[in-house]
file entry_12.pdb (PDB, C-alpha atoms)
ATOM      1  CA  MET Q 209       0.000   0.000   0.000
ATOM      2  CA  LYS Q 210       1.272   3.448  -0.909
ATOM      3  CA  ASN Q 211       2.356   5.606   2.019
ATOM      4  CA  PRO Q 212      -0.172   8.333   2.893
ATOM      5  CA  ILE Q 213       0.498  12.001   2.237
ATOM      6  CA  LYS Q 214       1.563  13.460   5.594
ATOM      7  CA  VAL Q 215       0.130  16.858   6.472
ATOM      8  CA  ALA Q 216       1.051  18.765   9.643
ATOM      9  CA  PHE Q 217      -1.117  21.560  11.045
ATOM     10  CA  PHE Q 218      -0.294  24.122  13.717
ATOM     11  CA  GLY Q 219      -2.834  26.044  15.734
ATOM     12  CA  GLU Q 220      -5.198  25.967  18.674
ATOM     13  CA  CYS Q 221      -8.254  23.855  19.406
ATOM     14  CA  MET Q 222     -10.394  25.437  22.099
ATOM     15  CA  LEU Q 223     -13.214  24.292  24.324
ATOM     16  CA  GLU Q 224     -16.571  25.536  23.045
ATOM     17  CA  LEU Q 225     -19.737  26.533  24.891
ATOM     18  CA  ASN Q 226     -22.604  26.956  22.432
ATOM     19  CA  GLY Q 227     -25.701  28.753  23.672
ATOM     20  CA  THR Q 228     -27.017  31.946  25.229
ATOM     21  CA  ALA Q 229     -25.724  33.660  28.357
ATOM     22  CA  PHE Q 230     -27.059  31.971  31.524
ATOM     23  CA  GLY Q 231     -29.027  29.545  29.367
ATOM     24  CA  ALA Q 232     -28.388  25.949  28.409
ATOM     25  CA  MET Q 233     -25.005  25.489  26.712
ATOM     26  CA  GLN Q 234     -23.658  22.581  24.698
ATOM     27  CA  GLN Q 235     -20.011  21.645  25.234
ATOM     28  CA  SER Q 236     -17.843  20.987  22.212
ATOM     29  CA  TYR Q 237     -14.468  22.021  20.792
ATOM     30  CA  GLY Q 238     -12.992  23.567  17.652
ATOM     31  CA  GLY Q 239     -10.513  25.920  16.059
ATOM     32  CA  ASP Q 240      -9.739  26.974  12.505
ATOM     33  CA  THR Q 241      -6.734  24.788  11.691
ATOM     34  CA  PHE Q 242      -8.092  21.967  13.854
ATOM     35  CA  ASN Q 243     -11.372  21.931  11.916
ATOM     36  CA  THR Q 244      -9.454  21.769   8.637
ATOM     37  CA  ALA Q 245      -7.281  18.926   9.940
ATOM     38  CA  VAL Q 246     -10.325  16.854  10.878
ATOM     39  CA  TYR Q 247     -12.114  17.441   7.582
ATOM     40  CA  LEU Q 248      -8.941  16.699   5.622
ATOM     41  CA  SER Q 249      -8.549  13.423   7.506
ATOM     42  CA  ARG Q 250     -12.120  12.519   6.542
ATOM     43  CA  CYS Q 251     -11.735  13.572   2.913
ATOM     44  CA  GLY Q 252      -8.366  11.931   2.436
ATOM     45  CA  GLY Q 253      -9.823   8.454   2.093
ATOM     46  CA  GLY Q 254      -6.756   6.896   3.693
ATOM     47  CA  ALA Q 255      -4.450   8.589   1.168
ATOM     48  CA  ILE Q 256      -3.855  11.593   3.460
ATOM     49  CA  LYS Q 257      -3.022  11.609   7.189
ATOM     50  CA  SER Q 258      -3.337  14.700   9.404
ATOM     51  CA  TRP Q 259      -1.072  15.549  12.354
ATOM     52  CA  TYR Q 260      -2.079  18.319  14.742
ATOM     53  CA  ALA Q 261       0.630  20.355  16.489
ATOM     54  CA  THR Q 262      -0.500  22.370  19.492
ATOM     55  CA  ALA Q 263      -0.138  22.446  23.271
ATOM     56  CA  LEU Q 264      -2.463  21.374  26.063
ATOM     57  CA  GLY Q 265      -2.250  21.300  29.843
ATOM     58  CA  ASP Q 266      -2.133  18.306  32.145
ATOM     59  CA  ASP Q 267      -5.702  18.795  33.406
ATOM     60  CA  ALA Q 268      -8.729  16.563  32.854
ATOM     61  CA  LEU Q 269     -10.157  18.775  30.113
ATOM     62  CA  SER Q 270      -6.891  18.636  28.157
ATOM     63  CA  LEU Q 271      -6.695  14.867  28.435
ATOM     64  CA  GLU Q 272     -10.298  14.455  27.302
ATOM     65  CA  LEU Q 273      -9.725  16.790  24.362
ATOM     66  CA  GLU Q 274      -6.761  14.709  23.246
ATOM     67  CA  ARG Q 275      -8.761  11.490  23.552
ATOM     68  CA  ARG Q 276     -11.495  12.940  21.359
ATOM     69  CA  TRP Q 277      -9.007  14.261  18.790
ATOM     70  CA  ALA Q 278      -7.714  10.731  18.344
ATOM     71  CA  GLN Q 279     -11.289   9.609  17.691
ATOM     72  CA  ASP Q 280     -11.476  12.384  15.067
ATOM     73  CA  GLY Q 281      -8.678  10.618  13.192
ATOM     74  CA  LEU Q 282      -5.769  12.934  14.004
ATOM     75  CA  ALA Q 283      -2.212  11.833  14.792
ATOM     76  CA  LEU Q 284      -1.192  13.517  18.043
ATOM     77  CA  ASP Q 285       2.522  12.913  18.637
ATOM     78  CA  LEU Q 286       3.162  16.612  17.891
ATOM     79  CA  VAL Q 287       1.058  17.748  20.885
ATOM     80  CA  ARG Q 288       2.948  19.196  23.858
ATOM     81  CA  HIS Q 289       1.563  19.001  27.414
ATOM     82  CA  ILE Q 290       2.518  22.006  29.574
ATOM     83  CA  PRO Q 291       1.822  21.646  33.328
ATOM     84  CA  GLY Q 292      -0.190  24.527  34.748
ATOM     85  CA  ARG Q 293      -1.584  25.645  31.391
ATOM     86  CA  MET Q 294      -5.150  25.110  30.192
ATOM     87  CA  PRO Q 295      -6.973  24.899  26.867
ATOM     88  CA  GLY Q 296      -8.532  28.121  25.619
ATOM     89  CA  LEU Q 297     -12.299  28.569  25.856
ATOM     90  CA  TYR Q 298     -14.848  30.355  23.703
ATOM     91  CA  GLN Q 299     -18.591  30.884  23.901
ATOM     92  CA  ILE Q 300     -20.573  31.120  20.683
ATOM     93  CA  GLN Q 301     -24.064  32.378  19.921
ATOM     94  CA  VAL Q 302     -25.630  31.740  16.507
ATOM     95  CA  ASP Q 303     -28.451  33.942  15.205
ATOM     96  CA  ALA Q 304     -31.421  32.962  13.039
ATOM     97  CA  GLN Q 305     -29.378  33.514   9.852
ATOM     98  CA  GLY Q 306     -26.599  31.202  11.024
ATOM     99  CA  GLU Q 307     -24.172  34.047  11.746
ATOM    100  CA  ARG Q 308     -21.937  33.751  14.793
ATOM    101  CA  ARG Q 309     -20.872  35.885  17.738
ATOM    102  CA  PHE Q 310     -17.904  34.799  19.861
ATOM    103  CA  SER Q 311     -16.480  35.546  23.308
ATOM    104  CA  PHE Q 312     -12.988  34.220  24.094
ATOM    105  CA  TRP Q 313     -10.945  33.274  27.177
ATOM    106  CA  ARG Q 314      -7.469  32.340  25.937
ATOM    107  CA  ASP Q 315      -4.848  34.548  27.660
ATOM    108  CA  ASN Q 316      -3.296  31.544  29.448
ATOM    109  CA  SER Q 317      -3.929  29.078  26.645
ATOM    110  CA  ALA Q 318      -1.332  26.315  26.419
ATOM    111  CA  ALA Q 319      -1.143  26.661  22.622
ATOM    112  CA  LYS Q 320       0.415  30.117  22.976
ATOM    113  CA  ALA Q 321       3.452  28.524  24.639
ATOM    114  CA  TYR Q 322       4.027  25.779  22.053
ATOM    115  CA  PHE Q 323       7.382  27.221  20.937
ATOM    116  CA  ASP Q 324       8.633  27.943  24.471
ATOM    117  CA  VAL Q 325      11.211  25.123  24.220
ATOM    118  CA  ALA Q 326      14.465  24.772  22.326
ATOM    119  CA  GLU Q 327      12.886  22.396  19.798
ATOM    120  CA  THR Q 328       9.236  21.467  19.411
ATOM    121  CA  PRO Q 329       8.022  18.050  18.222
ATOM    122  CA  LEU Q 330       6.915  19.750  14.999
ATOM    123  CA  GLU Q 331      10.394  21.134  14.285
ATOM    124  CA  ALA Q 332      12.129  17.919  15.338
ATOM    125  CA  GLN Q 333      10.307  16.037  12.572
ATOM    126  CA  ASN Q 334      10.580  18.671   9.858
ATOM    127  CA  ASP Q 335      11.746  16.137   7.264
ATOM    128  CA  GLN Q 336       8.568  14.066   7.633
ATOM    129  CA  TRP Q 337       5.931  16.394   6.212
ATOM    130  CA  ASP Q 338       4.646  16.491   2.651
ATOM    131  CA  ALA Q 339       2.545  19.562   3.475
ATOM    132  CA  PHE Q 340       2.158  22.108   6.272
ATOM    133  CA  TYR Q 341      -0.918  24.230   7.019
ATOM    134  CA  PHE Q 342      -1.158  27.305   9.231
ATOM    135  CA  SER Q 343      -3.323  30.411   9.444
ATOM    136  CA  GLY Q 344      -3.437  34.018  10.516
ATOM    137  CA  ILE Q 345      -4.834  32.822  13.837
ATOM    138  CA  SER Q 346      -1.901  30.408  14.226
ATOM    139  CA  LEU Q 347       0.382  33.449  14.050
ATOM    140  CA  ALA Q 348      -1.819  35.682  16.200
ATOM    141  CA  ILE Q 349      -1.769  33.426  19.263
ATOM    142  CA  LEU Q 350       2.043  33.305  19.382
ATOM    143  CA  PRO Q 351       4.547  35.769  20.862
ATOM    144  CA  ALA Q 352       7.091  37.298  18.469
ATOM    145  CA  ASP Q 353       9.675  34.524  18.897
ATOM    146  CA  GLY Q 354       7.046  31.883  18.229
ATOM    147  CA  GLN Q 355       5.911  33.701  15.098
ATOM    148  CA  ASN Q 356       9.490  33.821  13.844
ATOM    149  CA  ARG Q 357      10.008  30.116  14.573
ATOM    150  CA  LEU Q 358       6.781  29.147  12.832
ATOM    151  CA  LEU Q 359       7.603  31.150   9.701
ATOM    152  CA  ALA Q 360      11.180  29.828   9.621
ATOM    153  CA  PHE Q 361       9.830  26.279   9.887
ATOM    154  CA  ALA Q 362       7.459  26.933   6.990
ATOM    155  CA  GLN Q 363      10.300  28.320   4.890
ATOM    156  CA  THR Q 364      12.444  25.254   5.621
ATOM    157  CA  LEU Q 365       9.674  22.958   4.423
ATOM    158  CA  ARG Q 366       9.013  24.955   1.275
ATOM    159  CA  THR Q 367      12.727  25.029   0.431
ATOM    160  CA  ARG Q 368      12.890  21.238   0.472
ATOM    161  CA  GLY Q 369       9.778  20.953  -1.712
ATOM    162  CA  ALA Q 370       6.916  20.408   0.730
ATOM    163  CA  THR Q 371       3.611  22.201   0.134
ATOM    164  CA  VAL Q 372       3.123  25.150   2.508
ATOM    165  CA  VAL Q 373      -0.438  26.437   2.830
ATOM    166  CA  PHE Q 374      -1.398  29.717   4.516
ATOM    167  CA  ASP Q 375      -5.010  30.611   5.283
ATOM    168  CA  ASN Q 376      -5.490  34.328   5.911
ATOM    169  CA  ASN Q 377      -7.928  34.090   8.821
ATOM    170  CA  TYR Q 378      -7.705  37.568  10.367
ATOM    171  CA  ARG Q 379      -9.224  38.349  13.763
ATOM    172  CA  PRO Q 380      -8.446  41.968  14.747
ATOM    173  CA  SER Q 381      -8.986  41.375  18.472
ATOM    174  CA  LEU Q 382      -6.054  38.927  18.555
ATOM    175  CA  TRP Q 383      -3.506  41.498  17.377
ATOM    176  CA  PRO Q 384      -2.048  44.299  19.550
ATOM    177  CA  ASP Q 385      -1.693  46.483  16.491
ATOM    178  CA  ILE Q 386      -2.605  46.287  12.837
ATOM    179  CA  ALA Q 387       0.914  47.093  11.610
ATOM    180  CA  LEU Q 388       2.237  43.961  13.316
ATOM    181  CA  ALA Q 389      -0.547  41.880  11.788
ATOM    182  CA  ARG Q 390       0.169  43.245   8.307
ATOM    183  CA  ASP Q 391       3.870  42.456   8.672
ATOM    184  CA  CYS Q 392       3.200  38.882   9.862
ATOM    185  CA  PHE Q 393       0.712  38.208   7.072
ATOM    186  CA  SER Q 394       3.098  39.581   4.450
ATOM    187  CA  ARG Q 395       5.843  37.281   5.744
ATOM    188  CA  ALA Q 396       3.427  34.354   5.715
ATOM    189  CA  PHE Q 397       2.472  34.967   2.090
ATOM    190  CA  ALA Q 398       6.195  35.075   1.266
ATOM    191  CA  VAL Q 399       6.811  31.541   2.612
ATOM    192  CA  ALA Q 400       3.601  29.987   1.235
ATOM    193  CA  ASP Q 401       3.185  28.299  -2.100
ATOM    194  CA  THR Q 402      -0.600  28.083  -1.626
ATOM    195  CA  ALA Q 403      -2.628  30.969  -0.205
ATOM    196  CA  LEU Q 404      -6.273  30.561   0.785
ATOM    197  CA  ILE Q 405      -7.653  34.068   1.009
ATOM    198  CA  THR Q 406     -10.996  35.203   2.373
ATOM    199  CA  ALA Q 407     -11.570  38.486   0.557
ATOM    200  CA  ASP Q 408     -13.354  40.145   3.502
ATOM    201  CA  ASP Q 409     -10.392  39.401   5.795
ATOM    202  CA  HIS Q 410      -7.926  40.751   3.220
ATOM    203  CA  LEU Q 411     -10.015  43.918   2.991
ATOM    204  CA  ALA Q 412     -10.175  44.361   6.772
ATOM    205  CA  LEU Q 413      -6.453  43.784   7.342
ATOM    206  CA  PHE Q 414      -5.005  45.919   4.573
ATOM    207  CA  GLY Q 415      -7.653  48.652   4.534
ATOM    208  CA  PHE Q 416      -8.561  48.620   0.850
ATOM    209  CA  ALA Q 417     -11.231  51.037  -0.336
ATOM    210  CA  SER Q 418     -13.501  48.270  -1.629
ATOM    211  CA  LEU Q 419     -13.828  44.530  -1.799
ATOM    212  CA  GLU Q 420     -12.990  44.683  -5.499
ATOM    213  CA  ARG Q 421      -9.641  46.327  -4.695
ATOM    214  CA  ALA Q 422      -8.952  43.748  -2.010
ATOM    215  CA  VAL Q 423      -9.576  40.967  -4.531
ATOM    216  CA  ALA Q 424      -7.314  42.653  -7.096
ATOM    217  CA  ALA Q 425      -4.547  42.968  -4.489
ATOM    218  CA  ALA Q 426      -4.931  39.307  -3.539
ATOM    219  CA  GLN Q 427      -4.678  38.320  -7.193
ATOM    220  CA  ALA Q 428      -1.417  40.277  -7.455
ATOM    221  CA  LEU Q 429       0.308  38.458  -4.567
ATOM    222  CA  ASP Q 430       3.516  36.651  -5.443
ATOM    223  CA  VAL Q 431       2.258  33.217  -4.365
ATOM    224  CA  PRO Q 432       2.291  30.302  -6.844
ATOM    225  CA  GLU Q 433      -1.244  29.126  -6.069
ATOM    226  CA  ILE Q 434      -4.023  31.403  -4.841
ATOM    227  CA  VAL Q 435      -7.648  30.736  -3.951
ATOM    228  CA  ILE Q 436      -9.891  33.722  -3.220
ATOM    229  CA  LYS Q 437     -13.144  33.082  -1.355
ATOM    230  CA  ARG Q 438     -15.849  35.727  -1.745
ATOM    231  CA  GLY Q 439     -18.791  34.405   0.239
ATOM    232  CA  ALA Q 440     -21.633  33.370  -2.064
ATOM    233  CA  ALA Q 441     -19.890  34.857  -5.114
ATOM    234  CA  PRO Q 442     -17.857  32.484  -7.311
ATOM    235  CA  THR Q 443     -14.488  31.415  -5.912
ATOM    236  CA  LEU Q 444     -11.415  32.530  -7.861
ATOM    237  CA  VAL Q 445      -8.438  30.208  -8.290
ATOM    238  CA  ARG Q 446      -5.126  30.310 -10.132
ATOM    239  CA  SER Q 447      -2.158  27.979 -10.150
ATOM    240  CA  GLY Q 448       1.302  28.904 -11.446
ATOM    241  CA  SER Q 449       1.253  30.979 -14.608
ATOM    242  CA  GLY Q 450      -2.176  29.638 -15.602
ATOM    243  CA  PRO Q 451      -5.307  31.742 -16.006
ATOM    244  CA  TRP Q 452      -7.759  32.677 -13.268
ATOM    245  CA  HIS Q 453     -10.783  30.414 -13.030
ATOM    246  CA  SER Q 454     -14.153  31.366 -11.547
ATOM    247  CA  VAL Q 455     -15.862  28.452  -9.786
ATOM    248  CA  PRO Q 456     -19.504  28.876  -8.649
ATOM    249  CA  THR Q 457     -20.364  28.245  -5.025
ATOM    250  CA  GLN Q 458     -23.182  25.918  -4.024
ATOM    251  CA  THR Q 459     -26.617  27.368  -3.267
ATOM    252  CA  VAL Q 460     -27.707  26.699   0.316
ATOM    253  CA  THR Q 461     -31.371  27.350   1.035
ATOM    254  CA  ASN Q 462     -31.190  26.720   4.779
ATOM    255  CA  VAL Q 463     -28.049  28.123   6.385
ATOM    256  CA  VAL Q 464     -27.951  26.820   9.949
ATOM    257  CA  ASP Q 465     -24.439  27.705  11.173
ATOM    258  CA  THR Q 466     -21.594  29.264   9.172
ATOM    259  CA  THR Q 467     -18.954  28.041  11.633
ATOM    260  CA  ALA Q 468     -16.105  26.262   9.787
ATOM    261  CA  ALA Q 469     -17.332  27.144   6.297
ATOM    262  CA  GLY Q 470     -13.862  28.325   5.281
ATOM    263  CA  ASP Q 471     -12.108  25.615   7.291
ATOM    264  CA  SER Q 472     -14.040  22.836   5.584
ATOM    265  CA  PHE Q 473     -13.549  24.451   2.165
ATOM    266  CA  ALA Q 474      -9.791  24.407   2.772
ATOM    267  CA  ALA Q 475      -9.892  20.708   3.649
ATOM    268  CA  GLY Q 476     -11.967  19.829   0.616
ATOM    269  CA  TYR Q 477      -9.706  21.813  -1.664
ATOM    270  CA  LEU Q 478      -6.480  20.330  -0.291
ATOM    271  CA  SER Q 479      -7.836  16.787  -0.250
ATOM    272  CA  ARG Q 480      -8.125  17.020  -4.028
ATOM    273  CA  ARG Q 481      -5.056  19.143  -4.845
ATOM    274  CA  LEU Q 482      -2.677  17.006  -2.779
ATOM    275  CA  ARG Q 483      -3.804  13.999  -4.819
ATOM    276  CA  GLY Q 484      -3.304  15.752  -8.154
ATOM    277  CA  ASP Q 485      -6.740  17.099  -9.120
ATOM    278  CA  THR Q 486      -6.937  20.395 -10.999
ATOM    279  CA  PRO Q 487      -7.426  23.623  -9.043
ATOM    280  CA  GLU Q 488     -10.906  24.038 -10.556
ATOM    281  CA  ASP Q 489     -12.032  20.528  -9.577
ATOM    282  CA  ALA Q 490     -10.548  20.955  -6.113
ATOM    283  CA  THR Q 491     -12.333  24.292  -5.671
ATOM    284  CA  GLN Q 492     -15.621  22.781  -6.771
ATOM    285  CA  PHE Q 493     -15.297  20.019  -4.174
ATOM    286  CA  GLY Q 494     -14.296  22.532  -1.477
ATOM    287  CA  ASN Q 495     -17.415  24.567  -2.223
ATOM    288  CA  ARG Q 496     -19.616  21.453  -2.067
ATOM    289  CA  LEU Q 497     -18.214  20.464   1.314
ATOM    290  CA  ALA Q 498     -18.550  23.983   2.758
ATOM    291  CA  ALA Q 499     -22.176  24.118   1.590
ATOM    292  CA  ARG Q 500     -22.883  20.859   3.398
ATOM    293  CA  VAL Q 501     -21.192  22.032   6.611
ATOM    294  CA  ILE Q 502     -23.146  25.301   6.930
ATOM    295  CA  GLY Q 503     -26.383  23.359   6.710
ATOM    296  CA  HIS Q 504     -25.620  21.721  10.080
ATOM    297  CA  HIS Q 505     -24.907  22.913  13.610
ATOM    298  CA  GLY Q 506     -21.337  23.036  14.888
ATOM    299  CA  ALA Q 507     -17.835  23.262  13.468
ATOM    300  CA  ILE Q 508     -17.478  19.500  12.944
ATOM    301  CA  ILE Q 509     -20.622  17.956  11.491
ATOM    302  CA  PRO Q 510     -21.434  14.228  11.884
ATOM    303  CA  LEU Q 511     -19.525  12.023   9.493
ATOM    304  CA  ASP Q 512     -22.708  10.487   8.121
ATOM    305  CA  ALA Q 513     -23.937  13.966   7.147
ATOM    306  CA  MET Q 514     -21.153  14.166   4.538
ATOM    307  CA  ALA Q 515     -20.676  10.481   3.736
ATOM    308  CA  ASP Q 516     -22.172  10.805   0.246
ATOM    309  CA  LEU Q 517     -19.520  13.409  -0.637
ATOM    310  CA  LEU Q 518     -16.712  11.014   0.247
TER     311      LEU Q 518
END
call {"tool": "encode", "arguments": {"input": "entry_12.pdb", "output": "structure tokens"}}
result
Amino acid sequence: MKNPIKVAFFGECMLELNGTAFGAMQQSYGGDTFNTAVYLSRCGGGAIKSWYATALGDDALSLELERRWAQDGLALDLVRHIPGRMPGLYQIQVDAQGERRFSFWRDNSAAKAYFDVAETPLEAQNDQWDAFYFSGISLAILPADGQNRLLAFAQTLRTRGATVVFDNNYRPSLWPDIALARDCFSRAFAVADTALITADDHLALFGFASLERAVAAAQALDVPEIVIKRGAAPTLVRSGSGPWHSVPTQTVTNVVDTTAAGDSFAAGYLSRRLRGDTPEDATQFGNRLAARVIGHHGAIIPLDAMADLL
């Protein structure tokens, strides 16, 4: 049997409370790169294996999270356990249109301290990975030294021919100042050979006068492969020196929860590109998966709800 494609992710998976203040709340967990790792594991069909690099504490919640991640199909030997630290926590409320509102508690999150050692498990195995995935949130949770280490690691992988994927998830509240965020994102684009860009986030970070200008600026980035997500509008994709392709999104008549729409798209797209499909076909599958996910509650939908897509 052919060896699976090995994909490493870095980021933070947080505890989730879903519900209204002082009302009934459902416990769960999620995070942008984590969601993508789980969906990629599902979509890989055994041909792709996902590793998740992050840090947890030594408390009962951390241990239960790790047990559940293994059930989600992730390889976990890149996880660090840091005594005295805890997982981050967020509370989410979803309105009638499926839009989300978040509150976060993550100042002492273990994931922020992942690079607080001379060599992390992720760096120690840098010759193992066929692909590496990180996001704007991955960068935002780290101190400056951690950001530098993460970007240097990505550059090392790209230099030896691995696929480096950067998703531009931008959350203003995670950054002390916008100039620092712009610098980090620019450095991330420079080390990536695939950029997954949400046009609204690109607009918010770089302060373009319109969404059209943000899209034009994203198209002009010096990244070999670029995917530009524009909500319900067709997705734009280009690989190498090829032309731009416009790929329609899927119509969803009953949007329940938009959590993980972009994360699941990324997984669907990469599950096809890493196995050699064209950018257009990969984008089409990513859009189909995202449409399925937003029709269900929660970041990670039940496997049987997407079984027909696999």
call {"tool": "resolve_selection", "arguments": {"input": "entry_12.pdb", "expression": "the PyMOL selection byres ((chain Q and resi 237-248) around 6)", "output": "ChimeraX atom specification"}}
result
/Q:219-224,236,249-252,258,471-472,475,479
call {"tool": "residues_near_point", "arguments": {"input": "entry_12.pdb", "point": "(5.0, 22.9, 4.5)", "cutoff": "6 Å", "atoms": "only C-alpha atoms", "output": "compact mmCIF listing (two decimals) with C-alpha atoms, in the coordinates of the input"}}
result
# COMPACT_ATOMS: atom_id res chain seq x y z
CA ALA Q 339 2.54 19.56 3.48
CA PHE Q 340 2.16 22.11 6.27
CA ALA Q 362 7.46 26.93 6.99
CA LEU Q 365 9.67 22.96 4.42
CA ARG Q 366 9.01 24.96 1.27
CA ALA Q 370 6.92 20.41 0.73
CA THR Q 371 3.61 22.20 0.13
CA VAL Q 372 3.12 25.15 2.51
call {"tool": "closest_residue", "arguments": {"input": "entry_12.pdb", "among": "Q:Val501, Q:Ala412, Q:Ala283, Q:Val373", "to": "Asp465 in chain Q", "atoms": "only C-alpha atoms"}}
result
Q:Val501
call {"tool": "resolve_selection", "arguments": {"input": "entry_12.pdb", "expression": "the PyMOL selection byres ((chain Q and resi 325-327) around 12)", "output": "MDAnalysis selection string"}}
result
chainID Q and resid 263 286 288:290 320:324 328:334 353:354 357:358 361
call {"tool": "closest_residue", "arguments": {"input": "entry_12.pdb", "among": "Q:Gln355, Q:Ser447, Q:Gln427, Q:Asn377", "to": "Asp401 in chain Q", "atoms": "only C-alpha atoms"}}
result
Q:Ser447
call {"tool": "closest_residue", "arguments": {"input": "entry_12.pdb", "among": "Q:Ile502, Q:Leu404, Q:Val215, Q:Val463", "to": "Ser343 in chain Q", "atoms": "all atoms listed in the file"}}
result
Q:Leu404
call {"tool": "residues_around", "arguments": {"input": "entry_12.pdb", "residues": "Ala229 in chain Q", "least_positions_apart": "2", "cutoff": "10 Å", "atoms": "all atoms listed in the file", "output": "list in words"}}
result
Leu225, Asn226, Gly227, Gly231, Ala232, Met233, Gln299, Ile300 and Gln301 of chain Q
call {"tool": "write_last_selection", "arguments": {"input": "entry_12.pdb", "atoms": "C-alpha atoms", "output": "PDB file, keeping the file's coordinate frame"}}
result
ATOM      1  CA  LEU Q 225     -19.737  26.533  24.891  1.00  0.00           C
ATOM      2  CA  ASN Q 226     -22.604  26.956  22.432  1.00  0.00           C
ATOM      3  CA  GLY Q 227     -25.701  28.753  23.672  1.00  0.00           C
ATOM      4  CA  GLY Q 231     -29.027  29.545  29.367  1.00  0.00           C
ATOM      5  CA  ALA Q 232     -28.388  25.949  28.409  1.00  0.00           C
ATOM      6  CA  MET Q 233     -25.005  25.489  26.712  1.00  0.00           C
ATOM      7  CA  GLN Q 299     -18.591  30.884  23.901  1.00  0.00           C
ATOM      8  CA  ILE Q 300     -20.573  31.120  20.683  1.00  0.00           C
ATOM      9  CA  GLN Q 301     -24.064  32.378  19.921  1.00  0.00           C
TER      10      GLN Q 301
END
call {"tool": "resolve_selection", "arguments": {"input": "entry_12.pdb", "expression": "the PyMOL selection byres ((chain Q and resi 345-347) around 10)", "output": "ChimeraX atom specification"}}
result
/Q:217-220,239-241,262,319-320,341-344,348-352,354-356,358-359,374-380,382-383,389,392-393,396
call {"tool": "residues_around", "arguments": {"input": "entry_12.pdb", "residues": "Ser454 in chain Q", "least_positions_apart": "2", "cutoff": "9 Å", "atoms": "all atoms listed in the file", "output": "list in words"}}
result
Pro442, Thr443, Leu444, Val445, Trp452, Pro456 and Glu488 of chain Q
call {"tool": "write_last_selection", "arguments": {"input": "entry_12.pdb", "atoms": "C-alpha atoms", "output": "compact mmCIF listing (two decimals), in the frame of the given file"}}
result
# COMPACT_ATOMS: atom_id res chain seq x y z
CA PRO Q 442 -17.86 32.48 -7.31
CA THR Q 443 -14.49 31.42 -5.91
CA LEU Q 444 -11.42 32.53 -7.86
CA VAL Q 445 -8.44 30.21 -8.29
CA TRP Q 452 -7.76 32.68 -13.27
CA PRO Q 456 -19.50 28.88 -8.65
CA GLU Q 488 -10.91 24.04 -10.56
call {"tool": "residues_near_point", "arguments": {"input": "entry_12.pdb", "point": "(-15.3, 41.0, 4.5)", "cutoff": "10 Å", "atoms": "all atoms listed in the file", "output": "short mmCIF file (atom, residue, chain, number, x, y, z; two decimals) with C-alpha atoms, keeping the file's coordinate frame"}}
result
data_model
loop_
_atom_site.label_atom_id
_atom_site.label_comp_id
_atom_site.auth_asym_id
_atom_site.auth_seq_id
_atom_site.Cartn_x
_atom_site.Cartn_y
_atom_site.Cartn_z
CA THR Q 406 -11.00 35.20 2.37
CA ALA Q 407 -11.57 38.49 0.56
CA ASP Q 408 -13.35 40.15 3.50
CA ASP Q 409 -10.39 39.40 5.80
CA HIS Q 410 -7.93 40.75 3.22
CA LEU Q 411 -10.02 43.92 2.99
CA ALA Q 412 -10.18 44.36 6.77
CA LEU Q 413 -6.45 43.78 7.34
CA SER Q 418 -13.50 48.27 -1.63
CA LEU Q 419 -13.83 44.53 -1.80
CA ALA Q 422 -8.95 43.75 -2.01
CA ARG Q 438 -15.85 35.73 -1.74
CA GLY Q 439 -18.79 34.40 0.24
#
call {"tool": "atom_distance", "arguments": {"input": "entry_12.pdb", "atom1": "CA of Gly265 in chain Q", "atom2": "CA of Gln235 in chain Q"}}
result
18.4 Å
call {"tool": "residues_around", "arguments": {"input": "entry_12.pdb", "residues": "Asp267 in chain Q", "least_positions_apart": "5", "cutoff": "10 Å", "atoms": "all atoms listed in the file", "output": "list of chain:residue names"}}
result
Q:Glu272, Q:His289, Q:Ile290, Q:Pro291, Q:Gly292, Q:Arg293, Q:Met294, Q:Pro295
